[in-house]
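Peer 1: Would you mind keeping the following structure in view while I ask a few things?
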Amino acid sequence: MTSPSNGLQDGYALEFRATGYRLPSGLSLISSLNLKISRGETLVLLGRSGSGKTTTLKLINRLLEPTEGEIFISGRSGASWDPIQLRRGIGYVIQDAGLFPHWSVERNVGLVPTLERWPQERIKARVEEMLSLVGLPPEEYAKRRPSELSGGQRHRVGVARALAADPPILLMDEPFGALDPVTRADLQREFRALAQRLQKTIVFVTHDVREALFLGTRIALLDQGRLVGVYSPAEFLKATEPEIQAFVASLDNGVIHEEGK
Amino acid sequence: MNWYEFLLKNRGEVFERLVEHMGLVGASMAISLVVGFPLGIALVGRARLQRWVIGAANVVQTIPSLALFGFLIPVPWIGGVGASTAIVALSLYALLPILRNTSTGIAEVDAAVVESARAMGMTPGQVLWRVQLPLAAPVLLAGIRVATAMCIGITTIAAAIGAGGLGVFIFRGLAMVNNQVILAGAIPAAGLAIAVDSGLGYFQRSVARR
């Protein structure tokens, strides 16, 4: 995954080729998805509940296997990757972070480096670097348990854990979903700055169109397992597809408009 | 002579029977842990199989213990009169709480935590040993605690098939119509159950707190 020769030529970090996912019962959750995601971009998967956003995300790190088509990761077919190695090269952040409650913050953040058998000293240094990066002073937070943190702090630890082994790809599944609006707005601003600085390829799932417009370099709208369209935030607001217009119209129902966009 | 004086006078035999009793309980618990623990892990995520296996263990629980000891006597290899038959029967009784608590304990670990463990690239073995089992530990220990307390009680009946233990005094007292002798078996057995249960309870709470 870290090897620079891996598919750098084609320029895409991720590519879905006619990818589909069907449950054993025959119900189709994703159908014929074609989507290319460039290196360093933040692609937002936007859609209503049950539109297939999370399924799409899980197909990338092979928590689910596509039943049709293929996904290319760093230029290599997903099926040809060893799933364990693949996942260690893809950061994953979910709502409420999914931290291990029985481990300290330090151990949680050092998870993938530990699995990858980095030397202890290097892990310790990396954990401190990551905690500082997400704004949690290590001397204060390293020894705490997740239960001793606020929701926003847990999210920060989740991001630190996902970035610890420096994966080129980061998957985020409604990471801000469980936070209060003020904390969420703070973290969204910080996260956007961080994403611009780190140049990771980020796939970000949300149902919040404001969040999508604020964070995404491009927005892909999913509806009932189908890709409706992929647009930059500016294009998205002017798109003609009725599903997209429904989302854009929902912006006007809100009271608060995001400033400085 | 009250039961206390009887106990003191016969403390040599009482101690011997107590040790015998603990041996039966220890051997049975060891067997049911060795069988129940891996089986309980294997049942996680196999709902249909889990229903059948736990159903079967439930049926065993409903057989009166004296009858189960009796049924096993004529069975070749494991049967006959003595400790080995008793250990088989006791292990069967202890199996249900261990099986049930192992599989439900693991199944009840927060799905988001298990999913993120897999997503971060932990192997299935690492997910089990480093995440699922430590988080299920209080529930597993609760199962062991219930099974042990139950086992200590049922072991008193094992004396009926010549397995020894504190039940020897109970059956002797029944035959002699002598309550002192019955109590000389029953009270140490109850004391043992309480001691082991509170010991395991303390351990369980300290694990849960971690």
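Chain labels A, B, ... are given in the sequence in which chains occur in the structure tokens; within each chain residues are numbered consecutively from 1, and ligands are likewise numbered from 1 in the order shown.
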Taking only C-alpha atoms into account, find every residue of chain B that has an atom no more than 10 Å from chain A, and write it out as a PyMOL selection string.

Peer 2: chain B and resi 110-124+126+130-132+134-135+208-210

Peer 1: Could you please write out, as a ChimeraX atom specification, every residue of segment 46-81 of chain B that DSSP assigns to helix (DSSP H, G or I)?

Peer 2: /B:47-62,65-72

Peer 1: Work out how far atom CA of Ile41 of chain B is from atom CA of Thr102 of chain B, in Å to one decimal.

Peer 2: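 Atom-to-atom, atom CA of Thr102 of chain B to atom CA of Ile41 of chain B, that is 6.4 Å.
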
Peer 1: Would you pick out the contacts of Leu18 of chain B at 8 Å or less, using only C-alpha atoms, so that residues sharing its chain but fewer than 5 positions from it are not included, and give the list as a PDB file with N, CA, C and O atoms, in the first residue's frame?

Peer 2:
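Result written to out-v8.pdb:
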```
ATOM      1  N   GLY B 165     -17.288 -37.255  48.840  1.00  0.00           N
ATOM      2  CA  GLY B 165     -17.641 -35.842  49.019  1.00  0.00           C
ATOM      3  C   GLY B 165     -18.486 -35.650  50.264  1.00  0.00           C
ATOM      4  O   GLY B 165     -18.794 -36.608  50.997  1.00  0.00           O
ATOM      5  N   LEU B 166     -18.861 -34.396  50.522  1.00  0.00           N
ATOM      6  CA  LEU B 166     -19.590 -34.061  51.745  1.00  0.00           C
ATOM      7  C   LEU B 166     -20.980 -34.689  51.795  1.00  0.00           C
ATOM      8  O   LEU B 166     -21.580 -34.822  52.859  1.00  0.00           O
ATOM      9  N   PRO B 188     -20.706 -27.506  55.816  1.00  0.00           N
ATOM     10  CA  PRO B 188     -19.463 -27.248  55.075  1.00  0.00           C
ATOM     11  C   PRO B 188     -19.699 -27.062  53.567  1.00  0.00           C
ATOM     12  O   PRO B 188     -19.038 -26.231  52.930  1.00  0.00           O
ATOM     13  N   ALA B 189     -20.670 -27.804  53.015  1.00  0.00           N
ATOM     14  CA  ALA B 189     -20.949 -27.657  51.572  1.00  0.00           C
ATOM     15  C   ALA B 189     -21.473 -26.253  51.274  1.00  0.00           C
ATOM     16  O   ALA B 189     -21.046 -25.603  50.312  1.00  0.00           O
TER      17      ALA B 189
END
```

Peer 1: Report the distance between atom CA of Arg51 of chain B and atom CA of Tyr93 of chain B in Å, rounded to one decimal place.

Peer 2: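 Result for atom CA of Arg51 of chain B versus atom CA of Tyr93 of chain B: 17.3 Å, one decimal.
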
Peer 1: Using DSSP on the backbone, list every residue of segment 61-153 of chain A that comes out as strand (DSSP E or B), and give them as a list in words.

Peer 2: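 The residues of segment 61-153 of chain A classed as strand (DSSP E or B) are Glu68, Gly69, Glu70, Ile71, Phe72, Ile73, Arg76, Ser77, Ile90, Gly91, Tyr92, Val93 and Ile94 of chain A.
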
Peer 1: From the options A:Ser132, A:Thr67, A:Thr56, A:Thr42, which residue's atoms come nearest to Leu23 of chain A, counting only C-alpha atoms?

Peer 2: A:Thr67

Peer 1: Residues near Phe16 of chain A, anyone? I mean within 9 Å using only C-alpha atoms, not counting same-chain ones fewer than 2 positions away, as an MDAnalysis selection string.

Peer 2: chainID A and resid 14 18:19 32:37 60 69:73

Peer 1: Considering only C-alpha atoms, return as a list of chain:residue names whatever protein or nucleic-acid residues lie within 12 Å of Ile106 of chain B, sequence-local ones (same chain, fewer than 5 positions apart) excluded.

Peer 2: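 My reading of the contact set: B:Phe37, B:Pro38, B:Gly40, B:Ile41, B:Ala42, B:Leu43, B:Val44, B:Gly45, B:Leu99, B:Arg100, B:Asn101, B:Ala111, B:Val113, B:Val114, B:Val127, B:Leu128, B:Trp129, B:Val131, B:Gln132, B:Leu133, B:Pro134, B:Leu135, B:Ala136, B:Ala137, B:Pro138, B:Val139, B:Leu140.
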
Peer 1: So that I can see what lies close to Trp3 of chain B, please list as an mmCIF file with N, CA, C and O atoms, in the first residue's frame the residues with an atom at most 7 Å from it, counting only C-alpha atoms and leaving out residues fewer than 3 positions away in the same chain.

Peer 2:
```
data_model
loop_
_atom_site.group_PDB
_atom_site.id
_atom_site.type_symbol
_atom_site.label_atom_id
_atom_site.label_comp_id
_atom_site.auth_asym_id
_atom_site.auth_seq_id
_atom_site.Cartn_x
_atom_site.Cartn_y
_atom_site.Cartn_z
ATOM 1 N N PHE B 6 -20.282 -32.584 66.695
ATOM 2 C CA PHE B 6 -20.061 -33.727 65.802
ATOM 3 C C PHE B 6 -18.979 -33.391 64.776
ATOM 4 O O PHE B 6 -18.077 -34.178 64.501
ATOM 5 N N LEU B 7 -19.101 -32.173 64.262
ATOM 6 C CA LEU B 7 -18.144 -31.724 63.248
ATOM 7 C C LEU B 7 -16.719 -31.714 63.795
ATOM 8 O O LEU B 7 -15.778 -32.194 63.170
ATOM 9 N N GLN B 180 -27.791 -34.119 63.045
ATOM 10 C CA GLN B 180 -26.435 -33.628 63.295
ATOM 11 C C GLN B 180 -25.489 -34.090 62.191
ATOM 12 O O GLN B 180 -24.653 -33.331 61.709
ATOM 13 N N VAL B 181 -25.655 -35.351 61.813
ATOM 14 C CA VAL B 181 -24.776 -35.913 60.785
ATOM 15 C C VAL B 181 -25.073 -35.253 59.428
ATOM 16 O O VAL B 181 -24.170 -34.912 58.666
ATOM 17 N N LEU B 183 -26.213 -32.239 58.959
ATOM 18 C CA LEU B 183 -25.669 -30.880 58.991
ATOM 19 C C LEU B 183 -24.151 -30.864 58.880
ATOM 20 O O LEU B 183 -23.574 -29.929 58.322
ATOM 21 N N ALA B 184 -23.505 -31.887 59.361
ATOM 22 C CA ALA B 184 -22.039 -31.962 59.263
ATOM 23 C C ALA B 184 -21.591 -32.021 57.806
ATOM 24 O O ALA B 184 -20.458 -31.659 57.477
#
```

Peer 1: Got a sec: who's within 10 Å of Ala86 of chain B, counting only C-alpha atoms, leaving out chain neighbours fewer than 4 positions off, as a PyMOL selection string?

Peer 2: chain B and resi 24-25+28+65+68-70+72-73+78-82+90-92+154-155+157-164

Peer 1: Would you please work out which residue, of A:Gln120, A:Ser150, A:Thr54, A:Ser31, is nearest to Thr183 of chain A when using only C-alpha atoms?

Peer 2: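 So, comparing all the options, the nearest one is A:Ser150.
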
Peer 1: Which residue gives the smallest distance to Arg48 of chain A among A:Ala239, A:Leu149, A:Val182, A:Leu222, with only C-alpha atoms counted?

Peer 2: A:Leu222

Peer 1: Would you mind telling me which residue in A:Gly47, A:Arg126, A:Tyr141, A:Ala234 lies nearest to Ala246 of chain A when using only C-alpha atoms?

Peer 2: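 Counting only C-alpha atoms, the residue closest to Ala246 of chain A is A:Gly47.
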
Peer 1: May I ask for the distance between atom CA of Ser74 of chain A and atom CA of Tyr12 of chain A, given in Å to one decimal place?

Peer 2: 6.7 Å

Peer 1: I'd like to know which of B:Ile170, B:Leu96, B:Ala67, B:Ala142 is closest to Ile187 of chain B, using only C-alpha atoms.

Peer 2: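 Smallest separation from Ile187 of chain B among the options: B:Ile170.
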